[in-house]
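J.: Okay, here's the structure, questions in a sec.
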Number of protein chains: 2
Amino acid sequence: MLIATPQSMHFAAALPLQSGALLRDYSLSYETYGTLNADKSNAVLICHALNASHHVAGVYAGQDKSEGWWNNMIGPGKSLDTNKFFVIGVNNLGSCFGSTGPMHLNPDTGRVYGADFPVVTVEDWVNAQARLLDALGIQTLAAVMGGSLGGMQALSWTLQYPNRVRHAVVVASAPNLTAENIAFNEVARRAIVTDPDFHGGHFYQHGTVPKRGLRIARMIGHITYLSDDVMNEKFGRQLRDAVLAQAGEPAAYKFSTQDVEFQIESYLRYQGDKFAEYFDANTYLLITRALDYFDPARAYGGNLSQALERASCKFLLVSFTTDWRFAPKRSREIVKALLDNKRDVSYAEINAPHGHDAFLLDDPRYMSVVRSYFDSVEVTS
Amino acid sequence: MLIATPQSMHFAAALPLQSGALLRDYSLSYETYGTLNADKSNAVLICHALNASHHVAGVYAGQDKSEGWWNNMIGPGKSLDTNKFFVIGVNNLGSCFGSTGPMHLNPDTGRVYGADFPVVTVEDWVNAQARLLDALGIQTLAAVMGGSLGGMQALSWTLQYPNRVRHAVVVASAPNLTAENIAFNEVARRAIVTDPDFHGGHFYQHGTVPKRGLRIARMIGHITYLSDDVMNEKFGRQLRDAVLAQAGEPAAYKFSTQDVEFQIESYLRYQGDKFAEYFDANTYLLITRALDYFDPARAYGGNLSQALERASCKFLLVSFTTDWRFAPKRSREIVKALLDNKRDVSYAEINAPHGHDAFLLDDPRYMSVVRSYFDSVEVTS
């Protein structure tokens, strides 16, 4: 098993952000897997989605269950083979897993940032990632890869640094969020912001955590990451075992409005509780806003084909049939815009039941498509 | 314009509920439109969905904008013609619009029910409605009609009182909720129950209202009542006018995680705020639980065809193509189960863009299908 070692790099030069603000200095947490070759032509950058981190692959020494979030995809002999590639996982600015974020000290005030952490965008993250590559001495990426919000970063790389990336692998992503997606993000944010323990985002000083809001946010997220079908298959209308033990099938419900009765309720509450224990509320707001804002076609009056003209690398796009949050038609929009520009594009629409979550799961066709693509990526050995 | 007059009827006999509890005595608010004919063969009962009431059609005297929630459907010369039919709208038990509910006094304790109001089911509502018909001297309904949760009541009428209903019109409904639907209900309930102002459902005594929770609940509801397409068409990624005025198109976003920037956010917050002003939190819990519980096939091991064998009336079912909360395939399950029993069924799948909300909107094909159906319902003149 691949052993991962988290690292951190400090950047003393201020980072100008899209909002106009400056991040005076900052650190990025990252991990690398495999070996950078002599001419540095085998580097692959992995961009993470909402609640993930730089811990992409492998496990931490002595912690068998600490697999990275894309460990099924990345490692020796895997679809993205670390025997061939030097893979970099990086934690984004504003996150709560090591890189500079809302729970760190604001050097300007000496107090925790909290809600004062500047709004960061996909473009800002990509700029910060580029500085990390500079520091690692990597001029050009063999590939940049990400799923969901990570796919937006991969796409943005091809527009912000077209000469620094040879391939982009964009999985279960979209050229921007639909109104419905923004709406789900907004409800989650409202749940957090209106939690009395949020204190305008400065809850750290009050010794509180807006766990109620975080739980609701996560529950909403979970519903939208799964497909209706897979939810029915996993949970259906099954009652909790405890309810059944008490009432006895086929007897009645408990007839309660506040207790858990259905298994799906139990699952969602568990997921919500778990998330509220480790995730930062300000990070949740920042990351969902980055999702809302991403829209490379905006500066081109909504014309995605014009927006993607700058991209010069080769592309693999992957979508999943039951993903209703980042539906296949959104990936097809990107494919079409790239083809309008006569770019080299591969596209796979994977027939998978798991909804948006499928991009993290172990589907053999999906894994094999990615494997084939990376087999074709040339590196000097 | 039809002038509506709300009425109330008190029932002194206790109502046994599905949970085993008894509702000692209770009142039902209702309205009627049109005239009951001599042999009482022209009565149509309308069952309401989540946040509606007995005020189905017409306006209140002197209040021009007080149209009933199905006023586009019901009235003189309309699809359900009150010149031909005697139409009854009834408010369900547990509601917050007049019928006995959580904010009323519990005669056993002399205190407001609050969270102690017994859990009521679709079947309980139908039993209470049947008693209202008894009191009005109506043995047999020409038709029972409802949309969404109201459609579940209409369907349940045909099973609980097969000899008292000649026609059932079931619109945008389902034979039970999917796991996804239960999940959305559960998130909404958690938002309410975990609001510190909820006080375990006894907030009336504390002089508070769990508005934060109600707002979140309503926002979630609104997202799921609309289709992705109609949201994109109505709101898309448009920024709020105030943001545009400040920043100037095509300039940047405000870069804020807590302010409203997109129009869809503004719309949702407005809907949430409005709802929290008038809707009761305990009613929300009760009504969503009634939705979760409804499942006539449950007692038949999930076999809907067996469950519907008792139904002997004629049926019209209507669904809407973009309704993802009560999708056409759920209506088709009912149609199939009825056809398995050789029942007389008409079914219309209306190509409408508005999602679940379509059942309340003014689609000409929809209105015309319902009109034709009611034209065929025989009454002695």
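Just so we're on the same page: first chain in the structure tokens is A, next is B, and so on; residues restart at 1 for each chain, and ligands are numbered from 1 in the order they show up.
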Just the residues within 8 Å of range 160-162 of chain B, please, counting only C-alpha atoms, with nothing from its chain fewer than 5 positions along; format it as a VMD selection string.

T.: chain B and resid 123 126 310 to 313

J.: With C-alpha atoms retained, export the selected residues as a CSV table (one decimal), in the first residue's frame.

T.:
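Saved the output as out14.csv:
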chain,number,residue,atom,x,y,z
B,123,GLU,CA,-56.5,7.6,6.1
B,126,VAL,CA,-60.4,10.7,4.8
B,310,ARG,CA,-61.1,-2.6,-3.5
B,311,ALA,CA,-61.4,0.5,-5.6
B,312,SER,CA,-64.5,0.3,-7.7
B,313,CYS,CA,-65.0,3.9,-9.1

J.: Can you list, as a list in words, every protein, DNA or RNA residue that comes within 10 Å of Ser53 in chain B when you count only C-alpha atoms, leaving out same-chain residues fewer than 5 positions away?

T.: Ser29, Tyr30, Glu31, Ile46, Cys47, His48, Gly68, Trp69, Gly89, Val90, Asn91, Asn92, Ser95, Cys96, Phe97, Gly98 and Ser99 of chain B

J.: Applying 8 Å and only C-alpha atoms, which residues near range 149-152 of chain A remain after dropping the ones on its own chain fewer than 3 positions away? List them as a PyMOL selection string.

T.: chain A and resi 46-50+122+145-146+155-156+169-175+291+294

J.: Export C-alpha atoms of the chosen residues as an mmCIF file, in the first residue's frame?

T.:
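Now in again-v7.cif:
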data_model
loop_
_atom_site.group_PDB
_atom_site.id
_atom_site.type_symbol
_atom_site.label_atom_id
_atom_site.label_comp_id
_atom_site.auth_asym_id
_atom_site.auth_seq_id
_atom_site.Cartn_x
_atom_site.Cartn_y
_atom_site.Cartn_z
ATOM 1 C CA ILE A 46 -5.463 16.384 -8.738
ATOM 2 C CA CYS A 47 -7.994 19.059 -7.792
ATOM 3 C CA HIS A 48 -10.474 18.291 -5.039
ATOM 4 C CA ALA A 49 -14.189 18.890 -4.705
ATOM 5 C CA LEU A 50 -16.297 20.214 -1.877
ATOM 6 C CA VAL A 122 -11.880 28.482 -8.826
ATOM 7 C CA MET A 145 -7.637 16.064 -13.226
ATOM 8 C CA GLY A 146 -10.643 16.576 -11.022
ATOM 9 C CA LEU A 155 -11.124 23.100 -16.906
ATOM 10 C CA SER A 156 -10.005 26.462 -15.558
ATOM 11 C CA VAL A 169 -9.442 15.051 -17.254
ATOM 12 C CA VAL A 170 -12.761 16.608 -16.263
ATOM 13 C CA VAL A 171 -15.128 14.228 -14.475
ATOM 14 C CA ALA A 172 -18.803 14.769 -13.510
ATOM 15 C CA SER A 173 -18.459 18.484 -13.922
ATOM 16 C CA ALA A 174 -20.179 21.413 -15.627
ATOM 17 C CA PRO A 175 -19.298 24.727 -17.287
ATOM 18 C CA LEU A 291 -19.121 26.685 -7.196
ATOM 19 C CA PHE A 294 -17.552 29.541 -11.696
#

J.: Report, in Å with one decimal, the straight-line distance from CA of Ala12 in chain A to CA of Pro107 in chain A.

T.: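 Pair CA of Ala12 in chain A / CA of Pro107 in chain A returns 11.7 Å.
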
J.: Which residues in range 5-211 of chain B does DSSP call alpha helix (DSSP H)? List them as a PyMOL selection string.

T.: chain B and resi 122-136+149-160+179-193+203-206+211

J.: From the list A:Thr208, A:Ser319, A:Thr194, A:Asn351, which residue is nearest chain B when using only C-alpha atoms?

T.: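 Nearest candidate to chain B out of A:Thr208, A:Ser319, A:Thr194, A:Asn351: A:Thr194.
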
J.: For the contact check between chain A and chain B, emit one row per residue of chain A within 8 Å, containing the shortest atom pair and the distance in Å rounded to one decimal, counting only C-alpha atoms, chain then rising number order, as a Markdown table.

T.:
| residue | atom | partner | partner_atom | distance |
| --- | --- | --- | --- | --- |
| A:Ser19 | CA | B:Phe255 | CA | 6.0 |
| A:Val119 | CA | B:Phe255 | CA | 5.8 |
| A:Leu177 | CA | B:Arg237 | CA | 7.9 |
| A:Thr178 | CA | B:Asn232 | CA | 6.5 |
| A:Ala179 | CA | B:Gly236 | CA | 5.1 |
| A:Glu180 | CA | B:Asp228 | CA | 5.7 |
| A:Ile182 | CA | B:Ile264 | CA | 7.5 |
| A:Ala183 | CA | B:Glu265 | CA | 6.3 |
| A:Phe184 | CA | B:Ile223 | CA | 7.5 |
| A:Glu186 | CA | B:Glu265 | CA | 6.3 |
| A:Val187 | CA | B:Ile216 | CA | 6.3 |
| A:Arg189 | CA | B:Gln258 | CA | 7.6 |
| A:Arg190 | CA | B:Ile216 | CA | 7.2 |
| A:Ala191 | CA | B:Ile216 | CA | 6.5 |
| A:Val193 | CA | B:Gln258 | CA | 7.2 |
| A:Thr194 | CA | B:Arg212 | CA | 6.5 |
| A:Asp195 | CA | B:Asp195 | CA | 7.7 |
| A:Arg212 | CA | B:Thr194 | CA | 6.5 |
| A:Gly213 | CA | B:Ala191 | CA | 8.0 |
| A:Ile216 | CA | B:Val187 | CA | 6.3 |
| A:Met219 | CA | B:Val187 | CA | 6.4 |
| A:Ile220 | CA | B:Val187 | CA | 6.9 |
| A:Ile223 | CA | B:Glu180 | CA | 6.8 |
| A:Asp228 | CA | B:Glu180 | CA | 5.7 |
| A:Met231 | CA | B:Ala179 | CA | 5.8 |
| A:Asn232 | CA | B:Ala179 | CA | 5.3 |
| A:Phe235 | CA | B:Ala179 | CA | 6.5 |
| A:Gly236 | CA | B:Ala179 | CA | 5.1 |
| A:Arg237 | CA | B:Ala179 | CA | 6.0 |
| A:Pro250 | CA | B:Ala299 | CA | 7.0 |
| A:Ala252 | CA | B:Ser19 | CA | 7.6 |
| A:Tyr253 | CA | B:Tyr293 | CA | 7.6 |
| A:Lys254 | CA | B:Ser19 | CA | 7.7 |
| A:Phe255 | CA | B:Val119 | CA | 5.7 |
| A:Ser256 | CA | B:Val119 | CA | 6.5 |
| A:Thr257 | CA | B:Leu285 | CA | 5.7 |
| A:Gln258 | CA | B:Val193 | CA | 7.2 |
| A:Ile264 | CA | B:Ala183 | CA | 6.4 |
| A:Glu265 | CA | B:Ala183 | CA | 6.3 |
| A:Leu268 | CA | B:Ala183 | CA | 7.5 |
| A:Leu285 | CA | B:Thr257 | CA | 5.7 |
| A:Leu286 | CA | B:Thr257 | CA | 6.2 |
| A:Arg289 | CA | B:Thr257 | CA | 6.1 |
| A:Tyr293 | CA | B:Tyr253 | CA | 7.6 |
| A:Arg298 | CA | B:Pro250 | CA | 7.9 |
| A:Ala299 | CA | B:Pro250 | CA | 7.0 |

J.: Name the closest residue to Thr100 in chain B among the candidates B:Ala327, B:Ala57, B:Leu23, B:Leu239; distances are taken between atoms, counting only C-alpha atoms.

T.: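 Closest residue, counting only C-alpha atoms: B:Leu23.
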
J.: Please report, as a PDB file with N, CA and C atoms, in the first residue's frame, each residue of range 279-340 of chain B to which DSSP assigns strand (DSSP E) when run on this structure's backbone.

T.:
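Listing of part_39.pdb after writing:
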ATOM      1  N   LYS B 314     -64.584   5.064 -11.119  1.00  0.00           N
ATOM      2  CA  LYS B 314     -63.824   5.417 -12.321  1.00  0.00           C
ATOM      3  C   LYS B 314     -62.756   6.443 -11.957  1.00  0.00           C
ATOM      4  N   PHE B 315     -61.686   6.450 -12.732  1.00  0.00           N
ATOM      5  CA  PHE B 315     -60.518   7.275 -12.388  1.00  0.00           C
ATOM      6  C   PHE B 315     -60.065   8.157 -13.546  1.00  0.00           C
ATOM      7  N   LEU B 316     -59.631   9.358 -13.180  1.00  0.00           N
ATOM      8  CA  LEU B 316     -58.776  10.151 -14.071  1.00  0.00           C
ATOM      9  C   LEU B 316     -57.472  10.401 -13.323  1.00  0.00           C
ATOM     10  N   LEU B 317     -56.361  10.028 -13.955  1.00  0.00           N
ATOM     11  CA  LEU B 317     -55.057  10.374 -13.401  1.00  0.00           C
ATOM     12  C   LEU B 317     -54.370  11.363 -14.333  1.00  0.00           C
ATOM     13  N   VAL B 318     -53.683  12.329 -13.741  1.00  0.00           N
ATOM     14  CA  VAL B 318     -52.950  13.327 -14.519  1.00  0.00           C
ATOM     15  C   VAL B 318     -51.558  13.473 -13.915  1.00  0.00           C
ATOM     16  N   SER B 319     -50.544  13.496 -14.785  1.00  0.00           N
ATOM     17  CA  SER B 319     -49.190  13.792 -14.310  1.00  0.00           C
ATOM     18  C   SER B 319     -48.551  14.805 -15.249  1.00  0.00           C
ATOM     19  N   PHE B 320     -47.401  15.325 -14.836  1.00  0.00           N
ATOM     20  CA  PHE B 320     -46.726  16.369 -15.614  1.00  0.00           C
ATOM     21  C   PHE B 320     -45.288  15.938 -15.895  1.00  0.00           C
TER      22      PHE B 320
END

J.: Which residue gives the smallest distance to Phe279 in chain B among B:Asn37, B:Asn51, B:Ser66, B:Gln7, with only C-alpha atoms counted?

T.: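 The closest residue to Phe279 in chain B is B:Asn51.
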
J.: Please indicate the distance in Å from CA of Asp323 in chain B to CA of His354 in chain A, rounded to one decimal place.

T.: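 One can read the CA of Asp323 in chain B to CA of His354 in chain A distance as 20.9 Å.
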
J.: Here is a test: counting only C-alpha atoms, which residue of A:Leu360, A:Leu15, A:Val345, A:Val369 is nearest to Tyr225 in chain A?

T.: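 Selected residue with least distance to Tyr225 in chain A: A:Leu360.
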